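Enquirer: This is the structure, below, for whatever I ask next.
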2 protein chains.
Amino acid sequence: MEKYDIVIIGAGPVGLTLSMCLARWGYKIKHIDNRPEPTPTGRADGIQPRSLDLLRNMGLKRKIMAYEPAKVYEVAFWDPSANGIHRTGTWASCPKFIDARYPFTTLLHQGLIERVFIEDIEKHGVQIQRPWTIAGFKNDGEDPIYPVEVSLAHVDGSAKETMRTKYLFSGEGARSFVREQLGVKIHHKDPIAYVWGVMDGVVRTDFPDIKMKCTIHSDAGSIMVIPRENNMVRLYIQIASSTDKDWHPRRTATAEEVQATAKRILKPYYIEWDRVEWYSVYPIGQGIAERYTLDERVFMGGDCCHTHSPKAGQGMNTAFLDAVNLAWKIHHVESGFAARHILTSYESERKLIAENLLDFDARYAKLFSTRLPSAGEVGSANAQAVATAAQQHEPEENEFVKTFKASCEFTSGYGVAYNPNLFNWSPFHPAQSPLFLRHQHGTLLRTGRILTPATVTRVVDANIVHLEQEVPLNGSFRIYIFAGKPTVTQRALADFCTHLTAPRSFFSTYSYPAAEQEKVSYHELHNPHSAFFTLCTVFSAPRSSISINSMLPPVLARYRDHVYADDVWDQRVQDAKAAAHAKMGLDEAHGGIVVVRPDGYVSCVVKLVEGKGTVEALNGYFGAFVQKRVGGEIASL
Amino acid sequence: MEKYDIVIIGAGPVGLTLSMCLARWGYKIKHIDNRPEPTPTGRADGIQPRSLDLLRNMGLKRKIMAYEPAKVYEVAFWDPSANGIHRTGTWASCPKFIDARYPFTTLLHQGLIERVFIEDIEKHGVQIQRPWTIAGFKNDGEDPIYPVEVSLAHVDGSAKETMRTKYLFSGEGARSFVREQLGVKIHHKDPIAYVWGVMDGVVRTDFPDIKMKCTIHSDAGSIMVIPRENNMVRLYIQIASSTDKDWHPRRTATAEEVQATAKRILKPYYIEWDRVEWYSVYPIGQGIAERYTLDERVFMGGDCCHTHSPKAGQGMNTAFLDAVNLAWKIHHVESGFAARHILTSYESERKLIAENLLDFDARYAKLFSTRLPSAGEVGSANAQAVATAAQQHEPEENEFVKTFKASCEFTSGYGVAYNPNLFNWSPFHPAQSPLFLRHQHGTLLRTGRILTPATVTRVVDANIVHLEQEVPLNGSFRIYIFAGKPTVTQRALADFCTHLTAPRSFFSTYSYPAAEQEKVSYHELHNPHSAFFTLCTVFSAPRSSISINSMLPPVLARYRDHVYADDVWDQRVQDAKAAAHAKMGLDEAHGGIVVVRPDGYVSCVVKLVEGKGTVEALNGYFGAFVQKRVGGEIASL
């Protein structure tokens, strides 16, 4: 019987992302989808700012952008007025108080995004088998290495395959065979439900905001407008809501009816269609799966686990993050680094996010159905928020401003915050050391949150680069050594490297054995010592003053393409001499160590001190979840 | 006999660029090249900052960047020292005083760049016929529309074609059959000549600047280091110079000899080759063709007209600009807009640039062969230059700083400055009006220079965009109406549009006839009225305050995707309320009209005033070179 590392069911965003990561990291994958072709038109299409960061980290952003997607920078609100509708205000889709590289939402139809993933997956030797479906599975443990047996079948029943696998993943979407077989219930947050019509097409109109994202309320009904690639526009039109007198979840409407409704809503403006590319009607309920896995062998993710309204454009983005979260954890367990129990954190981390999403979705809907803010209020919200970010203390805020801020952070993807656990250090983490720094106490970073972006100069070629993007999505922890001023930290840096490379350190324990070490290419940039760590050093000094060979201990000098000068001015910290240090909230002279998870979230922040304390703290941090015992007394806690 | 608009000989950068422009604009092209394949390895590979702007304007930048070229931000200087070589300083490749979107040189091998062009040309229906060569031509005028007869032949002589054409273009490179047949002499600027070796490959070295551009002088000889895509490096090694005692222009050296020399030069550092991708030896002379055309029917461009050292990486960039300059002029003549005599300006404009290039090349060589600046001098040069740009008055500068500044502007491509002529307005232009603004007198723009970049908000979709890139390379003049404050300019803007659309204006005269006008698509963004003009309006006001339909006269409102808010802060004009207006040096309240040539160079700047004066000035400007009489008294001058 054929054996696989993982069998993936479904080639939507979540399945493709998981497949892509694991294919790149060398796993043997069986990937099927029950559709004969990738999504031809329509469906999800919003890539949030944070997701664009992630796509760039995967090296796929340029290919996405080559399709010339629409970009949404602002949202406009329209309300009923005496003669039809009028604009009541606009606000930024990703306001300035969010430190985003790409402060806009990217709109491109799901099929094109899928194609970019599929190309990459195929380049790594995995073919998606279509149209095939899952016929059955059981985790019978008969083979301890490949405990799950899976049966797949051609959709027409003409062929069948049975195999064993380490993992099975369902990215089947809302109707999941796997979820059903497992008996996992969907918990409906709320009895409220809606029926929506969605229409993609090319229009002619004098409605001035047709290229903006708009929410339009009129006496004739409500519409959401979302611009698209190729001069298209998407209209979401609410066809029915459970608050209607004649509510029925199977209510429907024809394209012509929806167009007629749109014409009435948009008055006094006209709208005509040159063509309609896609039209669909679907009921929306808010649901969340009670479990994402029962046994840490059969997993689920994406729409299979959470359904909600498409209004905030979160579905695909949540799917990307579900997949990346699971991918690196499976990788770390299967490659002998992390203990198997870490796989439970997939559900605990991602289910929390899905719950936040559903809560947000409900609030978002309510925000839209109640009074809309005036332009003045929005303006001051923005201004206050920027002031907050700059001054680091909280001004008074009204309820609307708070909801607005919280929403923008959430919809941009930067609001994703994982709770403390073994990966996201907190004072309750097994690793205890006074050297761990907390938010507002020695650092501005928050564990479980995305690393703050920072622009620096790469020493080796003087390129101006985005530090948070310098390590590609390679499955490694990213250890940023903010080395402060070279004259100040010289000793601390030397001590750090001495203890980092000492026999029982987390780093030495998980470095390649000597024989493999010799086979590492001279040209290896990211993983010369270990598949689990990439080390970056950032000096608070001008590039021209930095000499890699003379200022860095050999272990750090080996990452010659990951040595940076923190010498690029940043508008957000205008007075800082070392903007990256300042943005992380680290001392510009003394620096500090920032450990970032393979998916970009901050693991822990540790003071850089002379002696062994810094590495001991890290031994403690990694010791909490790796398979082998590392470090000395701290790891034995 | 088959008839063509143009026959293009040679598919290097100059021929491809010309072919691409004219193919996009709908011309019938015969394009041949005597090589069986595009450049497989090596050759020119430096794309200067200004050329990257141009490639982006052609919509090709993303495809170039997809190959992940190397980027050069800084140049390092190395000199002999007691124990081998040591670094004496570095400076920016494109320093801050140059307002460049992409302040770096992009390195990618010519074959990949050619491939990007060829794909685009093929998409527009032109196939490059290979390996074919030119066998003969004559401008016999027997057909007044297609005055030139051309004979082409397969390189093996197995096939032959004869055709008639409106134009013949030689982009054959240094050895040009066409140039020889025309009897056009190459003028050698200088008896000095060099023999260079050039080697592309992957190396291992502890030389710290191997990923930088370096000029290295040692007692064992000189090298220039240039990083490349795919982890490669190019080394230029001077094998012989006419100042050598045993100088011979046919001197040569093997790859092994060059590698041995490189090893000696780089001491105390080591260097080893993993592989050599390309190696070549060639003598370099400085030459310039006396004429670029004799009859404005048979033209030459690129290396066919100018040869020089490859050190400054200018060859391909000059070729791009030769081609674009010729392309839009041919287009304007053949489409009935401009008078035929404008074609003489191709030679006058481009030959001047080639002469500047050769002068620069000579100075550059001299600069390298004399004392090198210390790091301190370079630092203060940079600081002074920034101060100059910011304060707009000239501090004292020493000879080195001057040469340095002039060189950087030149090598970045931003130093290209066309002299006054019919296209580049000056007080000696036939069009006379007190409303024309001159550099430092009402504007900071200089005619014949590239338009200053500026970031603005596009009103229709709130996207933050680069104004100078908003009109693609569509062959049209770009008319930027900097409309100042709406309340101040309301009347002036209305008057401008009234006179713009009046019967004999340059705009009305060259608008589509009514019958064609009706066929223009609702979705046409750039040329709804005329193939020769794209109109952009920039208000000194926040985006949310701008209503296209109510604030713009219909003619400007029709360019709905070309209306902008000048509301984006710019570090270079920190106190400006309207940064784009400020960077152009236009009054932030009253604005002004900026006319830009189809190739991006400033044509003229005119005050925006109430009444007919503004349009009359433009009638005068265009009246000087269009085929039909336009405007009233001014055009009759």
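Naming scheme: A, B, ... for chains in displayed order of the structure tokens; residues 1 onward per chain; ligands 1 onward as shown.
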For the contact check between chain B and chain A, emit one row per residue of chain B within 9 Å, containing the shortest atom pair and the distance in Å rounded to one decimal, counting only C-alpha atoms, chain then rising number order, as a Markdown table.

Expert:
```
| residue | atom | partner | partner_atom | distance |
| --- | --- | --- | --- | --- |
| B:Arg62 | CA | A:Ala66 | CA | 7.1 |
| B:Lys63 | CA | A:Ala66 | CA | 8.2 |
| B:Met65 | CA | A:Arg62 | CA | 8.7 |
| B:Ala66 | CA | A:Arg62 | CA | 7.1 |
| B:Lys71 | CA | A:Asn463 | CA | 6.9 |
| B:Val72 | CA | A:Asn463 | CA | 7.1 |
| B:Tyr73 | CA | A:Ala462 | CA | 5.8 |
| B:Glu74 | CA | A:Ala462 | CA | 6.1 |
| B:Gly89 | CA | A:Ser544 | CA | 8.4 |
| B:Thr90 | CA | A:Ser544 | CA | 7.5 |
| B:Phe104 | CA | A:Asn463 | CA | 8.5 |
| B:Arg204 | CA | A:Tyr522 | CA | 7.4 |
| B:Asp206 | CA | A:Asn549 | CA | 8.5 |
| B:Pro208 | CA | A:Val460 | CA | 7.0 |
| B:Asp209 | CA | A:Val460 | CA | 6.5 |
| B:Ile210 | CA | A:Val460 | CA | 7.9 |
| B:Lys211 | CA | A:Asp461 | CA | 4.9 |
| B:Met212 | CA | A:Asp461 | CA | 5.0 |
| B:Lys213 | CA | A:Asp461 | CA | 8.4 |
| B:Pro227 | CA | A:Asp461 | CA | 8.7 |
| B:Asn231 | CA | A:His523 | CA | 8.2 |
| B:Val460 | CA | A:Lys211 | CA | 6.1 |
| B:Asp461 | CA | A:Lys211 | CA | 4.9 |
| B:Ala462 | CA | A:Tyr73 | CA | 5.8 |
| B:Asn463 | CA | A:Tyr73 | CA | 5.8 |
| B:Ile464 | CA | A:Tyr73 | CA | 8.0 |
| B:Tyr522 | CA | A:Arg204 | CA | 7.4 |
| B:His523 | CA | A:Asn231 | CA | 8.2 |
| B:Ser544 | CA | A:Thr90 | CA | 7.5 |
| B:Ser547 | CA | A:Pro208 | CA | 7.9 |
| B:Ile548 | CA | A:Pro208 | CA | 7.7 |
| B:Asn549 | CA | A:Pro208 | CA | 7.9 |
| B:Gln571 | CA | A:Gln571 | CA | 8.8 |
```

Enquirer: Please provide the set of residues having any atom within 10 Å of His526 of chain A, restricted to only C-alpha atoms, with same-chain residues fewer than 4 positions apart removed, written as a ChimeraX atom specification.

Expert: /A:470-472,474,476,478,530-536,558-562

Enquirer: So, with only C-alpha atoms as the atoms that count, which of A:Ile32, A:Ile186, A:Gln627, A:Gln314 lies closest to Ser151 of chain A?

Expert: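 Comparing A:Ile32, A:Ile186, A:Gln627, A:Gln314 against Ser151 of chain A, the winner is A:Ile32.
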
Enquirer: Do a neighbour search on Ile479 of chain A at 12 Å with only C-alpha atoms, toss out local chain neighbours closer than 3 positions, and write the hits as number ranges by chain.

Expert: A: 451, 467-468, 470-471, 476, 482-483, 500, 507, 526-527, 532-538, 556, 559, 562-563, 592-598, 600-606, 615, 618, 622

Enquirer: Once you have the residues from the selection above, write them out as a CSV table (one decimal), in the first residue's frame, restricted to N, CA and C atoms.

Expert:
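The result, stored in result.csv:
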```csv
chain,number,residue,atom,x,y,z
A,451,LEU,N,5.5,40.2,13.8
A,451,LEU,CA,6.7,41.1,14.0
A,451,LEU,C,6.4,42.5,13.3
A,467,LEU,N,13.1,44.0,6.7
A,467,LEU,CA,13.7,43.0,7.6
A,467,LEU,C,12.7,41.8,7.8
A,468,GLU,N,11.4,42.1,8.0
A,468,GLU,CA,10.5,41.0,8.3
A,468,GLU,C,10.3,40.1,7.1
A,470,GLU,N,13.0,39.1,5.2
A,470,GLU,CA,14.3,38.7,4.7
A,470,GLU,C,14.5,37.2,4.8
A,471,VAL,N,13.8,36.6,5.8
A,471,VAL,CA,13.8,35.1,5.9
A,471,VAL,C,12.6,34.6,5.2
A,476,SER,N,11.6,27.7,9.4
A,476,SER,CA,12.6,27.9,10.5
A,476,SER,C,12.1,29.0,11.5
A,482,PHE,N,19.2,41.8,17.6
A,482,PHE,CA,19.3,43.2,17.5
A,482,PHE,C,20.5,43.5,18.4
A,483,ALA,N,21.6,43.9,17.7
A,483,ALA,CA,22.9,43.9,18.4
A,483,ALA,C,23.3,45.3,18.9
A,500,LEU,N,25.6,30.0,22.5
A,500,LEU,CA,24.7,29.5,21.5
A,500,LEU,C,25.3,28.2,20.9
A,507,PHE,N,20.5,25.4,20.1
A,507,PHE,CA,21.1,25.6,18.7
A,507,PHE,C,22.0,24.4,18.3
A,526,HIS,N,20.2,30.6,4.3
A,526,HIS,CA,19.3,30.7,5.4
A,526,HIS,C,19.5,29.6,6.5
A,527,ASN,N,19.9,28.4,6.0
A,527,ASN,CA,20.0,27.3,7.0
A,527,ASN,C,21.4,26.6,6.9
A,532,PHE,N,16.1,24.4,11.5
A,532,PHE,CA,15.1,25.0,12.4
A,532,PHE,C,15.3,26.5,12.8
A,533,PHE,N,16.5,27.0,12.4
A,533,PHE,CA,16.8,28.3,12.8
A,533,PHE,C,17.5,29.1,11.6
A,534,THR,N,17.1,30.4,11.5
A,534,THR,CA,17.8,31.3,10.7
A,534,THR,C,18.2,32.5,11.6
A,535,LEU,N,19.4,32.9,11.6
A,535,LEU,CA,19.9,33.9,12.5
A,535,LEU,C,20.2,35.2,11.7
A,536,CYS,N,19.6,36.3,12.2
A,536,CYS,CA,19.8,37.6,11.6
A,536,CYS,C,20.4,38.5,12.6
A,537,THR,N,21.4,39.3,12.2
A,537,THR,CA,22.0,40.3,13.1
A,537,THR,C,21.8,41.7,12.6
A,538,VAL,N,21.3,42.6,13.5
A,538,VAL,CA,21.0,44.0,13.1
A,538,VAL,C,21.7,44.9,14.0
A,556,LEU,N,27.6,33.8,13.6
A,556,LEU,CA,26.7,34.8,13.0
A,556,LEU,C,27.2,35.3,11.6
A,559,TYR,N,26.0,33.7,8.4
A,559,TYR,CA,24.7,34.2,7.8
A,559,TYR,C,25.0,35.5,7.2
A,562,HIS,N,22.4,37.9,6.1
A,562,HIS,CA,21.5,38.3,7.1
A,562,HIS,C,22.1,39.1,8.2
A,563,VAL,N,23.0,40.0,7.7
A,563,VAL,CA,23.5,41.0,8.6
A,563,VAL,C,23.1,42.4,8.1
A,592,GLY,N,18.7,43.5,21.8
A,592,GLY,CA,17.9,42.5,22.4
A,592,GLY,C,17.7,41.4,21.4
A,593,ILE,N,17.2,40.2,21.8
A,593,ILE,CA,17.0,39.1,20.9
A,593,ILE,C,15.5,38.9,20.7
A,594,VAL,N,15.1,38.9,19.5
A,594,VAL,CA,13.7,38.6,19.1
A,594,VAL,C,13.6,37.3,18.4
A,595,VAL,N,12.8,36.4,19.0
A,595,VAL,CA,12.6,35.1,18.3
A,595,VAL,C,11.2,35.2,17.7
A,596,VAL,N,11.1,34.8,16.4
A,596,VAL,CA,9.9,34.8,15.7
A,596,VAL,C,9.6,33.4,15.1
A,597,ARG,N,8.3,33.1,15.3
A,597,ARG,CA,7.9,31.7,14.8
A,597,ARG,C,8.0,31.6,13.3
A,598,PRO,N,8.0,30.4,12.8
A,598,PRO,CA,8.2,30.3,11.3
A,598,PRO,C,7.0,31.0,10.5
A,600,GLY,N,5.8,33.9,11.4
A,600,GLY,CA,6.0,35.4,11.5
A,600,GLY,C,5.5,36.0,12.8
A,601,TYR,N,5.0,35.2,13.7
A,601,TYR,CA,4.5,35.8,15.0
A,601,TYR,C,5.6,35.7,16.0
A,602,VAL,N,5.6,36.7,16.9
A,602,VAL,CA,6.7,36.9,17.9
A,602,VAL,C,6.6,35.8,18.9
A,603,SER,N,7.7,35.1,19.1
A,603,SER,CA,7.7,34.0,20.1
A,603,SER,C,8.1,34.6,21.5
A,604,CYS,N,9.2,35.2,21.5
A,604,CYS,CA,9.7,35.8,22.8
A,604,CYS,C,10.7,36.9,22.5
A,605,VAL,N,11.0,37.7,23.5
A,605,VAL,CA,12.0,38.8,23.4
A,605,VAL,C,12.9,38.7,24.6
A,606,VAL,N,14.2,38.6,24.4
A,606,VAL,CA,15.1,38.4,25.5
A,606,VAL,C,16.2,39.5,25.5
A,615,VAL,N,21.3,33.1,26.4
A,615,VAL,CA,21.1,31.8,25.7
A,615,VAL,C,20.4,30.8,26.7
A,618,LEU,N,16.8,31.3,26.2
A,618,LEU,CA,16.4,30.7,24.9
A,618,LEU,C,16.3,29.2,25.0
A,622,PHE,N,12.9,27.2,24.1
A,622,PHE,CA,12.8,26.0,23.2
A,622,PHE,C,12.7,24.7,23.9
```

Enquirer: Using atom CA of Asp219 of chain B and atom CA of Phe77 of chain B as the two end points, give the distance in Å to one decimal.

Expert: 14.6 Å

Enquirer: What's the separation between atom CA of Gly302 of chain B and atom CA of Arg250 of chain B, in Å to one decimal place?

Expert: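 Interatomic distance, atom CA of Gly302 of chain B to atom CA of Arg250 of chain B: 24.1 Å.
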
Enquirer: Residues within 6 Å of segment 2-11 of chain B, please, as a PyMOL selection string. Count only C-alpha atoms; anything in the same chain fewer than 3 positions from it doesn't count.

Expert: chain B and resi 15-16+28-33+163-172

Enquirer: Could you give me the residues within segment 78-305 of chain B that DSSP places in alpha helix (DSSP H), as a ChimeraX atom specification?

Expert: /B:110-123,177-182,255-266

Enquirer: At a cut-off of 10 Å, using only C-alpha atoms, what residues contact Ala100 of chain B? Leave out same-chain residues fewer than 3 positions from it and give the result as a list in words.

Expert: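 Neighbouring residues, sequence-local ones excluded: Pro49, Arg50, Asp53, Cys94, Pro95, Lys96, Phe97, Pro103, Phe104, Ser412, Gly413, Tyr414, Thr452 and Pro453 of chain B.
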